[in-house]
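Here is the structure we will look at.
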Amino acid sequence: MYLPENASRLDDERVHIYFDNALRFIRRRTDEYDLIIVDSTDPFGLGKLFYKRVLWICYNALHEDGILVNQQGSPFYQHDAEAMQRSHQRIVSTFP
């Protein structure tokens with residue numbers, strides 16, 4: 001391990017790392033996860049075409065009280081701030 005103070009739990013039996021197409025992988029899961037962390041392309045341009053679908057797939061893969069963490073751009077730039085607002089609206093419409 002390069003950073004044992006940050007990665008010391010990778011040897012925990014509860015941790016599993018998969019190298020796969022994330023969308024294909026998560027699509028096959030239903031009610032399995034407590035937490036999903038998404039670090040995908042920014043949800044504008046081509047990314048916005050599939051963003052809503054990704055949210056629904058993650059929603060289905062999470063337990064009822066599961067948490068989605070979603071990477072976003074920087075709110076300090078107008079274009080990114082507007083994209084973040086649109087993303088937030090999509091998230092709110094997907095997750096009750």
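Chain identifiers are assigned as A, B, and so on, following the order in which chains appear in the structure tokens; residues are numbered from 1 within each chain, and ligands are numbered from 1 in order of appearance.
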*Tell me which protein, DNA and RNA residues are within 7 Å of Ile37 in chain A, counting only C-alpha atoms, leaving out same-chain ones fewer than 2 positions away, and put them as a ChimeraX atom specification.*
/A:35,39,68-70
*Pick the closest to Arg28 in chain A from A:Cys58, A:Ala81, A:Leu10, A:Val92: which is it, counting only C-alpha atoms?*
A:Cys58
_Backbone-only DSSP, strand (DSSP E) members of range 18-75 of chain A, as a ChimeraX atom specification_ = /A:33-38,62-70
_Quick one: residues within 12 Å of Asp34 in chain A, only C-alpha atoms, excluding same-chain residues fewer than 2 positions away - as number ranges by chain?_
A: 30-32, 36-37, 58-69
I need the chosen residues saved as an mmCIF file, in the first residue's frame, with N, CA and C atoms.
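Resulting contents of result-v1.cif:
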data_model
loop_
_atom_site.group_PDB
_atom_site.id
_atom_site.type_symbol
_atom_site.label_atom_id
_atom_site.label_comp_id
_atom_site.auth_asym_id
_atom_site.auth_seq_id
_atom_site.Cartn_x
_atom_site.Cartn_y
_atom_site.Cartn_z
ATOM 1 N N THR A 30 -29.830 -5.060 -7.214
ATOM 2 C CA THR A 30 -31.067 -4.495 -6.674
ATOM 3 C C THR A 30 -31.012 -4.593 -5.156
ATOM 4 N N ASP A 31 -31.202 -3.466 -4.480
ATOM 5 C CA ASP A 31 -31.286 -3.427 -3.019
ATOM 6 C C ASP A 31 -30.087 -4.116 -2.356
ATOM 7 N N GLU A 32 -28.873 -3.782 -2.812
ATOM 8 C CA GLU A 32 -27.673 -4.460 -2.300
ATOM 9 C C GLU A 32 -26.712 -3.571 -1.525
ATOM 10 N N ILE A 36 -23.209 4.209 -2.489
ATOM 11 C CA ILE A 36 -22.642 4.211 -3.832
ATOM 12 C C ILE A 36 -21.992 5.565 -4.039
ATOM 13 N N ILE A 37 -20.735 5.555 -4.458
ATOM 14 C CA ILE A 37 -20.001 6.779 -4.751
ATOM 15 C C ILE A 37 -19.810 6.847 -6.257
ATOM 16 N N CYS A 58 -28.651 3.486 -9.884
ATOM 17 C CA CYS A 58 -28.083 3.555 -8.532
ATOM 18 C C CYS A 58 -29.179 3.471 -7.474
ATOM 19 N N TYR A 59 -30.276 4.163 -7.705
ATOM 20 C CA TYR A 59 -31.402 4.132 -6.771
ATOM 21 C C TYR A 59 -31.871 2.692 -6.558
ATOM 22 N N ASN A 60 -32.002 1.935 -7.629
ATOM 23 C CA ASN A 60 -32.455 0.542 -7.528
ATOM 24 C C ASN A 60 -31.436 -0.341 -6.831
ATOM 25 N N ALA A 61 -30.155 -0.025 -6.936
ATOM 26 C CA ALA A 61 -29.111 -0.843 -6.327
ATOM 27 C C ALA A 61 -28.929 -0.563 -4.835
ATOM 28 N N LEU A 62 -29.401 0.581 -4.378
ATOM 29 C CA LEU A 62 -29.246 0.957 -2.974
ATOM 30 C C LEU A 62 -30.343 0.351 -2.098
ATOM 31 N N HIS A 63 -29.980 0.098 -0.831
ATOM 32 C CA HIS A 63 -31.004 -0.236 0.164
ATOM 33 C C HIS A 63 -31.922 0.976 0.308
ATOM 34 N N GLU A 64 -33.072 0.768 0.922
ATOM 35 C CA GLU A 64 -34.043 1.851 1.067
ATOM 36 C C GLU A 64 -33.446 3.080 1.759
ATOM 37 N N ASP A 65 -32.568 2.860 2.729
ATOM 38 C CA ASP A 65 -31.941 3.978 3.440
ATOM 39 C C ASP A 65 -30.514 4.238 2.947
ATOM 40 N N GLY A 66 -30.202 3.761 1.726
ATOM 41 C CA GLY A 66 -28.858 3.921 1.164
ATOM 42 C C GLY A 66 -28.537 5.362 0.805
ATOM 43 N N ILE A 67 -27.263 5.600 0.587
ATOM 44 C CA ILE A 67 -26.757 6.950 0.310
ATOM 45 C C ILE A 67 -26.016 6.948 -1.022
ATOM 46 N N LEU A 68 -26.301 7.951 -1.839
ATOM 47 C CA LEU A 68 -25.568 8.172 -3.082
ATOM 48 C C LEU A 68 -24.702 9.413 -2.907
ATOM 49 N N VAL A 69 -23.419 9.279 -3.178
ATOM 50 C CA VAL A 69 -22.500 10.409 -3.191
ATOM 51 C C VAL A 69 -22.146 10.638 -4.642
#
*Residue with smallest distance to Phe95 in chain A - pool A:His79, A:Lys52, A:Ser40, A:Ser74, counting only C-alpha atoms*: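 Comparing A:His79, A:Lys52, A:Ser40, A:Ser74 against Phe95 in chain A, the winner is A:Lys52.
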_Pick from A:Trp56, A:Phe25, A:Tyr77, A:Arg14, whichever lies nearest to Ser93 in chain A using only C-alpha atoms_ = A:Trp56
*List every residue of range 33-83 of chain A that DSSP, applied to the backbone of this structure, places in helix (DSSP H, G or I), and write the result as a ChimeraX atom specification.*
/A:47-61,78-83
Given the selection you just returned, output its residues as a file containing N, CA, C and O atoms, formatted as a short mmCIF file (atom, residue, chain, number, x, y, z; two decimals), in the first residue's frame.
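Output file result.cif is given in full below:
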data_model
loop_
_atom_site.label_atom_id
_atom_site.label_comp_id
_atom_site.auth_asym_id
_atom_site.auth_seq_id
_atom_site.Cartn_x
_atom_site.Cartn_y
_atom_site.Cartn_z
N GLY A 47 -22.55 13.80 -21.21
CA GLY A 47 -22.83 13.16 -19.91
C GLY A 47 -24.26 13.32 -19.47
O GLY A 47 -24.80 12.44 -18.80
N LYS A 48 -24.89 14.41 -19.83
CA LYS A 48 -26.27 14.62 -19.37
C LYS A 48 -27.25 13.69 -20.07
O LYS A 48 -28.34 13.46 -19.58
N LEU A 49 -26.86 13.11 -21.20
CA LEU A 49 -27.75 12.21 -21.92
C LEU A 49 -28.06 10.94 -21.12
O LEU A 49 -29.14 10.39 -21.22
N PHE A 50 -27.10 10.47 -20.34
CA PHE A 50 -27.33 9.23 -19.59
C PHE A 50 -27.40 9.45 -18.09
O PHE A 50 -27.62 8.50 -17.33
N TYR A 51 -27.29 10.66 -17.62
CA TYR A 51 -27.20 10.94 -16.19
C TYR A 51 -28.44 10.48 -15.43
O TYR A 51 -28.34 9.85 -14.38
N LYS A 52 -29.63 10.78 -15.92
CA LYS A 52 -30.86 10.40 -15.23
C LYS A 52 -30.96 8.88 -15.12
O LYS A 52 -31.35 8.35 -14.10
N ARG A 53 -30.58 8.20 -16.18
CA ARG A 53 -30.61 6.72 -16.16
C ARG A 53 -29.64 6.18 -15.11
O ARG A 53 -29.96 5.23 -14.40
N VAL A 54 -28.47 6.76 -15.00
CA VAL A 54 -27.50 6.33 -13.99
C VAL A 54 -28.09 6.51 -12.59
O VAL A 54 -27.95 5.64 -11.73
N LEU A 55 -28.77 7.62 -12.36
CA LEU A 55 -29.38 7.85 -11.05
C LEU A 55 -30.40 6.77 -10.71
O LEU A 55 -30.44 6.25 -9.60
N TRP A 56 -31.25 6.41 -11.68
CA TRP A 56 -32.26 5.37 -11.44
C TRP A 56 -31.61 4.02 -11.18
O TRP A 56 -32.05 3.26 -10.31
N ILE A 57 -30.57 3.71 -11.91
CA ILE A 57 -29.88 2.43 -11.71
C ILE A 57 -29.26 2.39 -10.31
O ILE A 57 -29.36 1.38 -9.60
N CYS A 58 -28.65 3.49 -9.88
CA CYS A 58 -28.08 3.56 -8.53
C CYS A 58 -29.18 3.47 -7.47
O CYS A 58 -29.03 2.78 -6.47
N TYR A 59 -30.28 4.16 -7.71
CA TYR A 59 -31.40 4.13 -6.77
C TYR A 59 -31.87 2.69 -6.56
O TYR A 59 -32.10 2.26 -5.43
N ASN A 60 -32.00 1.93 -7.63
CA ASN A 60 -32.45 0.54 -7.53
C ASN A 60 -31.44 -0.34 -6.83
O ASN A 60 -31.81 -1.33 -6.20
N ALA A 61 -30.16 -0.02 -6.94
CA ALA A 61 -29.11 -0.84 -6.33
C ALA A 61 -28.93 -0.56 -4.84
O ALA A 61 -28.37 -1.39 -4.11
N GLN A 78 -19.72 29.71 -13.47
CA GLN A 78 -21.13 29.82 -13.81
C GLN A 78 -21.66 28.60 -14.56
O GLN A 78 -22.70 28.06 -14.21
N HIS A 79 -20.94 28.15 -15.57
CA HIS A 79 -21.38 27.00 -16.35
C HIS A 79 -21.52 25.76 -15.46
O HIS A 79 -22.52 25.02 -15.55
N ASP A 80 -20.54 25.52 -14.60
CA ASP A 80 -20.58 24.37 -13.70
C ASP A 80 -21.69 24.54 -12.66
O ASP A 80 -22.36 23.56 -12.31
N ALA A 81 -21.87 25.74 -12.15
CA ALA A 81 -22.91 25.98 -11.15
C ALA A 81 -24.29 25.67 -11.73
O ALA A 81 -25.13 25.06 -11.07
N GLU A 82 -24.53 26.06 -12.97
CA GLU A 82 -25.82 25.78 -13.61
C GLU A 82 -26.00 24.28 -13.82
O GLU A 82 -27.09 23.74 -13.60
N ALA A 83 -24.93 23.60 -14.21
CA ALA A 83 -25.00 22.14 -14.38
C ALA A 83 -25.28 21.46 -13.04
O ALA A 83 -26.04 20.49 -12.97
#
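Taking CA of Thr94 in chain A and CA of Arg27 in chain A as endpoints, the distance between them is 15.8 Å.
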*asked:* As an exercise, work out the distance from CA of Gln85 in chain A to CA of Val38 in chain A in Å and give it to one decimal place.
replied: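 Spanning CA of Gln85 in chain A to CA of Val38 in chain A is a straight-line distance of 17.1 Å.
As for CA of His16 in chain A and CA of Gly73 in chain A, they are spaced 27.5 Å apart.
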